[in-house]
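Trainee: This is run18.pdb (PDB, N, CA and C atoms).
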```pdb
ATOM      1  N   MET X  30      -7.105 -36.067  17.840
ATOM      2  CA  MET X  30      -7.722 -35.323  16.758
ATOM      3  C   MET X  30      -6.813 -34.160  16.377
ATOM      4  N   ASN X  31      -6.564 -33.990  15.117
ATOM      5  CA  ASN X  31      -5.681 -32.943  14.606
ATOM      6  C   ASN X  31      -6.515 -31.702  14.277
ATOM      7  N   PRO X  32      -6.328 -30.567  14.994
ATOM      8  CA  PRO X  32      -7.142 -29.373  14.730
ATOM      9  C   PRO X  32      -6.863 -28.759  13.368
ATOM     10  N   ILE X  33      -5.703 -29.026  12.815
ATOM     11  CA  ILE X  33      -5.369 -28.449  11.514
ATOM     12  C   ILE X  33      -6.188 -29.102  10.407
ATOM     13  N   SER X  34      -6.572 -30.358  10.587
ATOM     14  CA  SER X  34      -7.328 -31.049   9.542
ATOM     15  C   SER X  34      -8.729 -30.459   9.383
ATOM     16  N   ASN X  35      -9.219 -29.701  10.374
ATOM     17  CA  ASN X  35     -10.547 -29.101  10.296
ATOM     18  C   ASN X  35     -10.556 -27.745   9.595
ATOM     19  N   LEU X  36      -9.379 -27.225   9.234
ATOM     20  CA  LEU X  36      -9.302 -25.920   8.582
ATOM     21  C   LEU X  36      -9.753 -26.021   7.134
ATOM     22  N   PRO X  37     -10.319 -24.936   6.596
ATOM     23  CA  PRO X  37     -10.706 -24.945   5.185
ATOM     24  C   PRO X  37      -9.473 -24.993   4.291
ATOM     25  N   PRO X  38      -9.643 -25.433   3.027
ATOM     26  CA  PRO X  38      -8.483 -25.502   2.125
ATOM     27  C   PRO X  38      -7.901 -24.116   1.870
ATOM     28  N   ILE X  39      -6.613 -24.066   1.608
ATOM     29  CA  ILE X  39      -5.914 -22.810   1.339
ATOM     30  C   ILE X  39      -5.883 -22.600  -0.162
ATOM     31  N   VAL X  40      -6.293 -21.407  -0.582
ATOM     32  CA  VAL X  40      -6.264 -21.069  -2.006
ATOM     33  C   VAL X  40      -5.415 -19.824  -2.185
ATOM     34  N   ASP X  41      -4.783 -19.709  -3.357
ATOM     35  CA  ASP X  41      -3.988 -18.511  -3.638
ATOM     36  C   ASP X  41      -4.866 -17.462  -4.301
ATOM     37  N   SER X  42      -4.266 -16.375  -4.762
ATOM     38  CA  SER X  42      -5.024 -15.262  -5.327
ATOM     39  C   SER X  42      -5.731 -15.619  -6.626
ATOM     40  N   THR X  43      -5.300 -16.689  -7.295
ATOM     41  CA  THR X  43      -5.957 -17.108  -8.529
ATOM     42  C   THR X  43      -7.087 -18.089  -8.267
ATOM     43  N   GLY X  44      -7.239 -18.538  -7.008
ATOM     44  CA  GLY X  44      -8.299 -19.463  -6.666
ATOM     45  C   GLY X  44      -7.896 -20.920  -6.723
ATOM     46  N   SER X  45      -6.642 -21.221  -7.051
ATOM     47  CA  SER X  45      -6.221 -22.616  -7.107
ATOM     48  C   SER X  45      -5.766 -23.076  -5.731
ATOM     49  N   LEU X  46      -5.965 -24.361  -5.469
ATOM     50  CA  LEU X  46      -5.616 -24.924  -4.167
ATOM     51  C   LEU X  46      -4.113 -24.984  -3.977
ATOM     52  N   ILE X  47      -3.691 -24.755  -2.741
ATOM     53  CA  ILE X  47      -2.282 -24.846  -2.373
ATOM     54  C   ILE X  47      -2.112 -26.082  -1.513
ATOM     55  N   ASP X  48      -1.095 -26.865  -1.792
ATOM     56  CA  ASP X  48      -0.804 -28.053  -1.008
ATOM     57  C   ASP X  48      -0.422 -27.616   0.406
ATOM     58  N   PRO X  49      -1.166 -28.035   1.452
ATOM     59  CA  PRO X  49      -0.855 -27.574   2.802
ATOM     60  C   PRO X  49       0.484 -28.071   3.315
ATOM     61  N   GLN X  50       1.042 -29.122   2.714
ATOM     62  CA  GLN X  50       2.336 -29.622   3.146
ATOM     63  C   GLN X  50       3.479 -28.777   2.621
ATOM     64  N   SER X  51       3.218 -28.058   1.533
ATOM     65  CA  SER X  51       4.264 -27.191   0.981
ATOM     66  C   SER X  51       4.174 -25.827   1.635
ATOM     67  N   ASN X  52       5.151 -24.999   1.363
ATOM     68  CA  ASN X  52       5.164 -23.641   1.895
ATOM     69  C   ASN X  52       4.170 -22.807   1.090
ATOM     70  N   PRO X  53       3.127 -22.241   1.729
ATOM     71  CA  PRO X  53       2.147 -21.451   0.978
ATOM     72  C   PRO X  53       2.758 -20.254   0.274
ATOM     73  N   LEU X  54       3.802 -19.663   0.866
ATOM     74  CA  LEU X  54       4.443 -18.522   0.210
ATOM     75  C   LEU X  54       5.158 -18.954  -1.055
ATOM     76  N   ALA X  55       5.795 -20.114  -1.000
ATOM     77  CA  ALA X  55       6.492 -20.610  -2.186
ATOM     78  C   ALA X  55       5.489 -20.979  -3.271
ATOM     79  N   ALA X  56       4.376 -21.583  -2.877
ATOM     80  CA  ALA X  56       3.372 -21.973  -3.859
ATOM     81  C   ALA X  56       2.716 -20.757  -4.485
ATOM     82  N   ALA X  57       2.570 -19.697  -3.727
ATOM     83  CA  ALA X  57       1.959 -18.482  -4.260
ATOM     84  C   ALA X  57       2.951 -17.649  -5.055
ATOM     85  N   GLY X  58       4.224 -18.024  -5.021
ATOM     86  CA  GLY X  58       5.229 -17.291  -5.777
ATOM     87  C   GLY X  58       5.633 -15.997  -5.123
ATOM     88  N   SER X  59       5.626 -15.949  -3.795
ATOM     89  CA  SER X  59       5.966 -14.689  -3.141
ATOM     90  C   SER X  59       7.017 -14.878  -2.049
ATOM     91  N   LEU X  60       7.999 -15.722  -2.293
ATOM     92  CA  LEU X  60       9.096 -15.870  -1.345
ATOM     93  C   LEU X  60      10.057 -14.702  -1.476
ATOM     94  N   PRO X  61      10.510 -14.161  -0.360
ATOM     95  CA  PRO X  61      11.473 -13.060  -0.439
ATOM     96  C   PRO X  61      12.782 -13.512  -1.077
ATOM     97  N   GLN X  62      13.371 -12.635  -1.858
ATOM     98  CA  GLN X  62      14.645 -12.901  -2.503
ATOM     99  C   GLN X  62      15.753 -12.196  -1.733
ATOM    100  N   ALA X  63      16.997 -12.508  -2.056
ATOM    101  CA  ALA X  63      18.147 -11.930  -1.361
ATOM    102  C   ALA X  63      18.246 -10.419  -1.578
ATOM    103  N   ASN X  64      17.732  -9.921  -2.696
ATOM    104  CA  ASN X  64      17.843  -8.489  -2.980
ATOM    105  C   ASN X  64      16.700  -7.675  -2.367
ATOM    106  N   GLY X  65      15.849  -8.300  -1.553
ATOM    107  CA  GLY X  65      14.772  -7.588  -0.890
ATOM    108  C   GLY X  65      13.479  -7.581  -1.668
ATOM    109  N   SER X  66      13.476  -8.080  -2.883
ATOM    110  CA  SER X  66      12.248  -8.107  -3.654
ATOM    111  C   SER X  66      11.494  -9.403  -3.374
ATOM    112  N   VAL X  67      10.292  -9.483  -3.878
ATOM    113  CA  VAL X  67       9.468 -10.670  -3.712
ATOM    114  C   VAL X  67       9.330 -11.313  -5.079
ATOM    115  N   ALA X  68       9.567 -12.621  -5.130
ATOM    116  CA  ALA X  68       9.477 -13.338  -6.400
ATOM    117  C   ALA X  68       8.062 -13.225  -6.946
ATOM    118  N   GLY X  69       7.921 -12.903  -8.214
ATOM    119  CA  GLY X  69       6.619 -12.819  -8.841
ATOM    120  C   GLY X  69       5.893 -11.511  -8.559
ATOM    121  N   GLY X  70       6.507 -10.568  -7.901
ATOM    122  CA  GLY X  70       5.854  -9.311  -7.590
ATOM    123  C   GLY X  70       6.853  -8.177  -7.552
ATOM    124  N   SER X  71       6.328  -6.997  -7.272
ATOM    125  CA  SER X  71       7.222  -5.847  -7.217
ATOM    126  C   SER X  71       7.860  -5.761  -5.838
ATOM    127  N   SER X  72       8.957  -5.063  -5.769
ATOM    128  CA  SER X  72       9.664  -4.929  -4.503
ATOM    129  C   SER X  72       8.960  -3.908  -3.622
ATOM    130  N   PHE X  73       9.288  -3.933  -2.344
ATOM    131  CA  PHE X  73       8.708  -2.987  -1.398
ATOM    132  C   PHE X  73       9.088  -1.565  -1.775
ATOM    133  N   VAL X  74      10.327  -1.379  -2.195
ATOM    134  CA  VAL X  74      10.790  -0.043  -2.563
ATOM    135  C   VAL X  74       9.988   0.484  -3.753
ATOM    136  N   GLN X  75       9.733  -0.365  -4.736
ATOM    137  CA  GLN X  75       8.958   0.049  -5.909
ATOM    138  C   GLN X  75       7.525   0.400  -5.515
ATOM    139  N   THR X  76       6.931  -0.390  -4.625
ATOM    140  CA  THR X  76       5.576  -0.117  -4.162
ATOM    141  C   THR X  76       5.514   1.205  -3.418
ATOM    142  N   LEU X  77       6.502   1.446  -2.571
ATOM    143  CA  LEU X  77       6.558   2.703  -1.823
ATOM    144  C   LEU X  77       6.756   3.888  -2.768
ATOM    145  N   THR X  78       7.616   3.727  -3.754
ATOM    146  CA  THR X  78       7.846   4.783  -4.737
ATOM    147  C   THR X  78       6.569   5.093  -5.517
ATOM    148  N   ASN X  79       5.821   4.059  -5.890
ATOM    149  CA  ASN X  79       4.565   4.265  -6.612
ATOM    150  C   ASN X  79       3.539   4.999  -5.751
ATOM    151  N   ALA X  80       3.475   4.655  -4.467
ATOM    152  CA  ALA X  80       2.519   5.312  -3.567
ATOM    153  C   ALA X  80       2.875   6.780  -3.380
ATOM    154  N   ILE X  81       4.155   7.071  -3.234
ATOM    155  CA  ILE X  81       4.582   8.466  -3.082
ATOM    156  C   ILE X  81       4.324   9.245  -4.373
ATOM    157  N   GLY X  82       4.531   8.609  -5.514
ATOM    158  CA  GLY X  82       4.235   9.247  -6.797
ATOM    159  C   GLY X  82       2.755   9.556  -6.946
ATOM    160  N   ALA X  83       1.903   8.635  -6.495
ATOM    161  CA  ALA X  83       0.459   8.872  -6.555
ATOM    162  C   ALA X  83       0.061  10.025  -5.639
ATOM    163  N   LEU X  84       0.670  10.091  -4.471
ATOM    164  CA  LEU X  84       0.397  11.194  -3.547
ATOM    165  C   LEU X  84       0.844  12.525  -4.152
ATOM    166  N   SER X  85       1.999  12.519  -4.788
ATOM    167  CA  SER X  85       2.490  13.729  -5.448
ATOM    168  C   SER X  85       1.542  14.152  -6.570
ATOM    169  N   GLY X  86       1.024  13.181  -7.289
ATOM    170  CA  GLY X  86       0.065  13.478  -8.361
ATOM    171  C   GLY X  86      -1.210  14.112  -7.823
ATOM    172  N   LEU X  87      -1.695  13.612  -6.676
ATOM    173  CA  LEU X  87      -2.886  14.205  -6.064
ATOM    174  C   LEU X  87      -2.626  15.657  -5.665
ATOM    175  N   GLN X  88      -1.445  15.917  -5.122
ATOM    176  CA  GLN X  88      -1.122  17.280  -4.713
ATOM    177  C   GLN X  88      -0.961  18.200  -5.917
ATOM    178  N   GLN X  89      -0.377  17.690  -7.005
ATOM    179  CA  GLN X  89      -0.241  18.501  -8.215
ATOM    180  C   GLN X  89      -1.607  18.806  -8.814
ATOM    181  N   ASN X  90      -2.530  17.830  -8.784
ATOM    182  CA  ASN X  90      -3.890  18.074  -9.274
ATOM    183  C   ASN X  90      -4.578  19.158  -8.456
ATOM    184  N   ALA X  91      -4.385  19.117  -7.139
ATOM    185  CA  ALA X  91      -4.987  20.138  -6.282
ATOM    186  C   ALA X  91      -4.385  21.509  -6.580
ATOM    187  N   ASP X  92      -3.066  21.571  -6.748
ATOM    188  CA  ASP X  92      -2.410  22.844  -7.066
ATOM    189  C   ASP X  92      -2.906  23.397  -8.398
ATOM    190  N   THR X  93      -3.037  22.534  -9.389
ATOM    191  CA  THR X  93      -3.514  22.953 -10.707
ATOM    192  C   THR X  93      -4.950  23.458 -10.631
ATOM    193  N   ALA X  94      -5.789  22.741  -9.863
ATOM    194  CA  ALA X  94      -7.189  23.159  -9.737
ATOM    195  C   ALA X  94      -7.293  24.503  -9.021
ATOM    196  N   ILE X  95      -6.502  24.702  -7.978
ATOM    197  CA  ILE X  95      -6.532  25.985  -7.254
ATOM    198  C   ILE X  95      -6.021  27.112  -8.148
ATOM    199  N   ALA X  96      -4.959  26.849  -8.897
ATOM    200  CA  ALA X  96      -4.437  27.867  -9.810
ATOM    201  C   ALA X  96      -5.461  28.196 -10.887
ATOM    202  N   GLY X  97      -6.139  27.192 -11.407
ATOM    203  CA  GLY X  97      -7.185  27.425 -12.414
ATOM    204  C   GLY X  97      -8.347  28.202 -11.858
ATOM    205  N   LEU X  98      -8.687  27.947 -10.614
ATOM    206  CA  LEU X  98      -9.771  28.682  -9.965
ATOM    207  C   LEU X  98      -9.359  30.134  -9.715
ATOM    208  N   ALA X  99      -8.123  30.337  -9.285
ATOM    209  CA  ALA X  99      -7.645  31.693  -8.963
ATOM    210  C   ALA X  99      -7.495  32.551 -10.209
ATOM    211  N   THR X 100      -7.124  31.935 -11.333
ATOM    212  CA  THR X 100      -6.909  32.695 -12.566
ATOM    213  C   THR X 100      -8.130  32.677 -13.476
ATOM    214  N   ASN X 101      -9.248  32.141 -12.969
ATOM    215  CA  ASN X 101     -10.505  32.089 -13.718
ATOM    216  C   ASN X 101     -10.343  31.379 -15.058
ATOM    217  N   GLN X 102      -9.779  30.177 -15.017
ATOM    218  CA  GLN X 102      -9.571  29.393 -16.236
ATOM    219  C   GLN X 102     -10.618  28.296 -16.402
ATOM    220  N   GLY X 103     -11.809  28.506 -15.894
ATOM    221  CA  GLY X 103     -12.904  27.570 -16.105
ATOM    222  C   GLY X 103     -12.941  26.404 -15.133
ATOM    223  N   VAL X 104     -12.266  26.507 -14.010
ATOM    224  CA  VAL X 104     -12.318  25.452 -13.000
ATOM    225  C   VAL X 104     -13.408  25.800 -12.006
ATOM    226  N   ASP X 105     -14.338  24.868 -11.807
ATOM    227  CA  ASP X 105     -15.403  25.090 -10.833
ATOM    228  C   ASP X 105     -14.859  24.955  -9.422
ATOM    229  N   ILE X 106     -15.522  25.624  -8.497
ATOM    230  CA  ILE X 106     -15.062  25.576  -7.113
ATOM    231  C   ILE X 106     -15.197  24.165  -6.521
ATOM    232  N   HIS X 107     -16.242  23.434  -6.951
ATOM    233  CA  HIS X 107     -16.394  22.083  -6.406
ATOM    234  C   HIS X 107     -15.295  21.152  -6.921
ATOM    235  N   GLN X 108     -14.801  21.389  -8.141
ATOM    236  CA  GLN X 108     -13.674  20.593  -8.649
ATOM    237  C   GLN X 108     -12.412  20.876  -7.837
ATOM    238  N   ALA X 109     -12.187  22.146  -7.540
ATOM    239  CA  ALA X 109     -11.012  22.523  -6.765
ATOM    240  C   ALA X 109     -11.099  21.969  -5.346
ATOM    241  N   MET X 110     -12.265  22.070  -4.735
ATOM    242  CA  MET X 110     -12.434  21.550  -3.374
ATOM    243  C   MET X 110     -12.289  20.038  -3.347
ATOM    244  N   SER X 111     -12.805  19.366  -4.351
ATOM    245  CA  SER X 111     -12.681  17.906  -4.421
ATOM    246  C   SER X 111     -11.218  17.499  -4.572
ATOM    247  N   ALA X 112     -10.478  18.208  -5.415
ATOM    248  CA  ALA X 112      -9.052  17.901  -5.592
ATOM    249  C   ALA X 112      -8.279  18.166  -4.308
ATOM    250  N   MET X 113      -8.627  19.245  -3.604
ATOM    251  CA  MET X 113      -7.951  19.538  -2.337
ATOM    252  C   MET X 113      -8.270  18.482  -1.279
ATOM    253  N   ASP X 114      -9.518  18.031  -1.222
ATOM    254  CA  ASP X 114      -9.895  16.992  -0.260
ATOM    255  C   ASP X 114      -9.188  15.677  -0.563
ATOM    256  N   GLN X 115      -9.070  15.321  -1.847
ATOM    257  CA  GLN X 115      -8.357  14.095  -2.220
ATOM    258  C   GLN X 115      -6.895  14.176  -1.796
ATOM    259  N   ALA X 116      -6.264  15.312  -2.038
ATOM    260  CA  ALA X 116      -4.864  15.480  -1.644
ATOM    261  C   ALA X 116      -4.718  15.429  -0.128
ATOM    262  N   SER X 117      -5.665  16.039   0.583
ATOM    263  CA  SER X 117      -5.624  16.035   2.039
ATOM    264  C   SER X 117      -5.792  14.618   2.591
ATOM    265  N   LEU X 118      -6.742  13.871   2.044
ATOM    266  CA  LEU X 118      -6.948  12.487   2.488
ATOM    267  C   LEU X 118      -5.734  11.621   2.179
ATOM    268  N   GLY X 119      -5.145  11.817   1.017
ATOM    269  CA  GLY X 119      -3.944  11.066   0.659
ATOM    270  C   GLY X 119      -2.792  11.356   1.604
ATOM    271  N   MET X 120      -2.616  12.621   1.961
ATOM    272  CA  MET X 120      -1.547  12.985   2.889
ATOM    273  C   MET X 120      -1.815  12.428   4.282
ATOM    274  N   ASN X 121      -3.071  12.486   4.723
ATOM    275  CA  ASN X 121      -3.422  11.915   6.030
ATOM    276  C   ASN X 121      -3.143  10.416   6.061
ATOM    277  N   LEU X 122      -3.465   9.719   4.983
ATOM    278  CA  LEU X 122      -3.186   8.285   4.907
ATOM    279  C   LEU X 122      -1.688   8.023   4.956
ATOM    280  N   ALA X 123      -0.922   8.802   4.219
ATOM    281  CA  ALA X 123       0.537   8.625   4.212
ATOM    282  C   ALA X 123       1.123   8.859   5.599
ATOM    283  N   VAL X 124       0.615   9.862   6.308
ATOM    284  CA  VAL X 124       1.104  10.149   7.664
ATOM    285  C   VAL X 124       0.747   8.998   8.605
ATOM    286  N   GLN X 125      -0.457   8.462   8.487
ATOM    287  CA  GLN X 125      -0.857   7.345   9.343
ATOM    288  C   GLN X 125      -0.029   6.099   9.062
ATOM    289  N   VAL X 126       0.250   5.821   7.788
ATOM    290  CA  VAL X 126       1.084   4.663   7.441
ATOM    291  C   VAL X 126       2.493   4.865   7.986
ATOM    292  N   ARG X 127       3.023   6.080   7.848
ATOM    293  CA  ARG X 127       4.354   6.364   8.394
ATOM    294  C   ARG X 127       4.390   6.178   9.901
ATOM    295  N   ASP X 128       3.367   6.687  10.587
ATOM    296  CA  ASP X 128       3.313   6.556  12.041
ATOM    297  C   ASP X 128       3.248   5.092  12.468
ATOM    298  N   LYS X 129       2.458   4.283  11.756
ATOM    299  CA  LYS X 129       2.371   2.853  12.075
ATOM    300  C   LYS X 129       3.698   2.157  11.813
ATOM    301  N   ALA X 130       4.380   2.523  10.742
ATOM    302  CA  ALA X 130       5.679   1.913  10.440
ATOM    303  C   ALA X 130       6.704   2.258  11.517
ATOM    304  N   VAL X 131       6.709   3.504  11.954
ATOM    305  CA  VAL X 131       7.637   3.922  13.011
ATOM    306  C   VAL X 131       7.297   3.206  14.313
ATOM    307  N   GLU X 132       6.013   3.104  14.625
ATOM    308  CA  GLU X 132       5.589   2.411  15.844
ATOM    309  C   GLU X 132       6.002   0.932  15.800
ATOM    310  N   SER X 133       5.838   0.299  14.642
ATOM    311  CA  SER X 133       6.234  -1.107  14.496
ATOM    312  C   SER X 133       7.742  -1.261  14.642
ATOM    313  N   TYR X 134       8.480  -0.359  14.045
ATOM    314  CA  TYR X 134       9.939  -0.394  14.156
ATOM    315  C   TYR X 134      10.367  -0.249  15.610
ATOM    316  N   GLN X 135       9.770   0.699  16.321
ATOM    317  CA  GLN X 135      10.128   0.918  17.721
ATOM    318  C   GLN X 135       9.759  -0.295  18.574
ATOM    319  N   THR X 136       8.642  -0.944  18.269
ATOM    320  CA  THR X 136       8.259  -2.151  18.990
ATOM    321  C   THR X 136       9.277  -3.253  18.771
ATOM    322  N   LEU X 137       9.736  -3.418  17.536
ATOM    323  CA  LEU X 137      10.728  -4.445  17.246
ATOM    324  C   LEU X 137      12.073  -4.142  17.924
ATOM    325  N   ILE X 138      12.455  -2.883  17.920
ATOM    326  CA  ILE X 138      13.732  -2.502  18.538
ATOM    327  C   ILE X 138      13.709  -2.720  20.051
ATOM    328  N   ASN X 139      12.567  -2.430  20.681
ATOM    329  CA  ASN X 139      12.445  -2.558  22.130
ATOM    330  C   ASN X 139      12.168  -3.982  22.595
ATOM    331  N   MET X 140      11.972  -4.904  21.662
ATOM    332  CA  MET X 140      11.665  -6.280  22.003
ATOM    333  C   MET X 140      12.903  -6.954  22.599
ATOM    334  N   GLN X 141      12.713  -7.629  23.713
ATOM    335  CA  GLN X 141      13.833  -8.337  24.322
ATOM    336  C   GLN X 141      13.907  -9.745  23.773
ATOM    337  N   MET X 142      15.128 -10.197  23.551
ATOM    338  CA  MET X 142      15.322 -11.519  22.984
ATOM    339  C   MET X 142      15.683 -12.502  24.038
TER     340      MET X 142
END
```
Let me see the structure of the file written as structure tokens.
Mentor:
Amino acid sequence: MNPISNLPPIVDSTGSLIDPQSNPLAAAGSLPQANGSVAGGSSFVQTLTNAIGALSGLQQNADTAIAGLATNQGVDIHQAMSAMDQASLGMNLAVQVRDKAVESYQTLINMQM
């Protein structure tokens, strides 16, 4: 009895079936290319750049809200606190992702072949 034959069908992100005999990554259009990007998607560097840009935007929003609150430009305290909390959560997430990436790198480096 083949245990693989009991698995449910594989579908891609659009919901269409993928031939199990073919490479699922190739069928989904996400095979890595020689330049480090993924076919049919954005590169890792672009994704990382976008995430850092979003984090920077959260911090700029918090700075603007605090400045507006300090100069009495019609910013409510709850708006400023909400912007500061969003920036804080974004930074905490970025630190956790960085820590996991470093931990994964160290695990790979220490792996014996």
Trainee: Mind telling me what the PyMOL selection byres (((chain X and resi 104-116 and name CA) around 7) and name CA) catches here, as a ChimeraX atom specification?
Mentor: /X:87-88,90-91,94-95,97-98,101-103,117-120
Trainee: Please compute the atom N of Ser72 of chain X-atom CA of Val126 of chain X distance, one decimal, in Å.
Mentor: 18.2 Å
Trainee: Tell me, in Å to one decimal, how far atom N of Leu137 of chain X is from atom CA of Gln125 of chain X.
Mentor: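 Interatomic distance here is 17.2 Å.
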Trainee: Could you work out how far atom N of Ala99 of chain X lies from atom N of Asn121 of chain X, giving the answer in Å with one decimal?
Mentor: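 So the two atoms, atom N of Asn121 of chain X and atom N of Ala99 of chain X, lie 23.2 Å apart.
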Trainee: For segment 101-120 of chain X, I'd like the enclosing box, axis-aligned and padded by 8 Å on every side, reported as lines of an AutoDock Vina configuration file with centre and edge lengths in Å to one decimal.
Mentor:
```
center_x = -9.0
center_y = 21.6
center_z = -6.1
size_x = 30.8
size_y = 37.1
size_z = 36.7
```
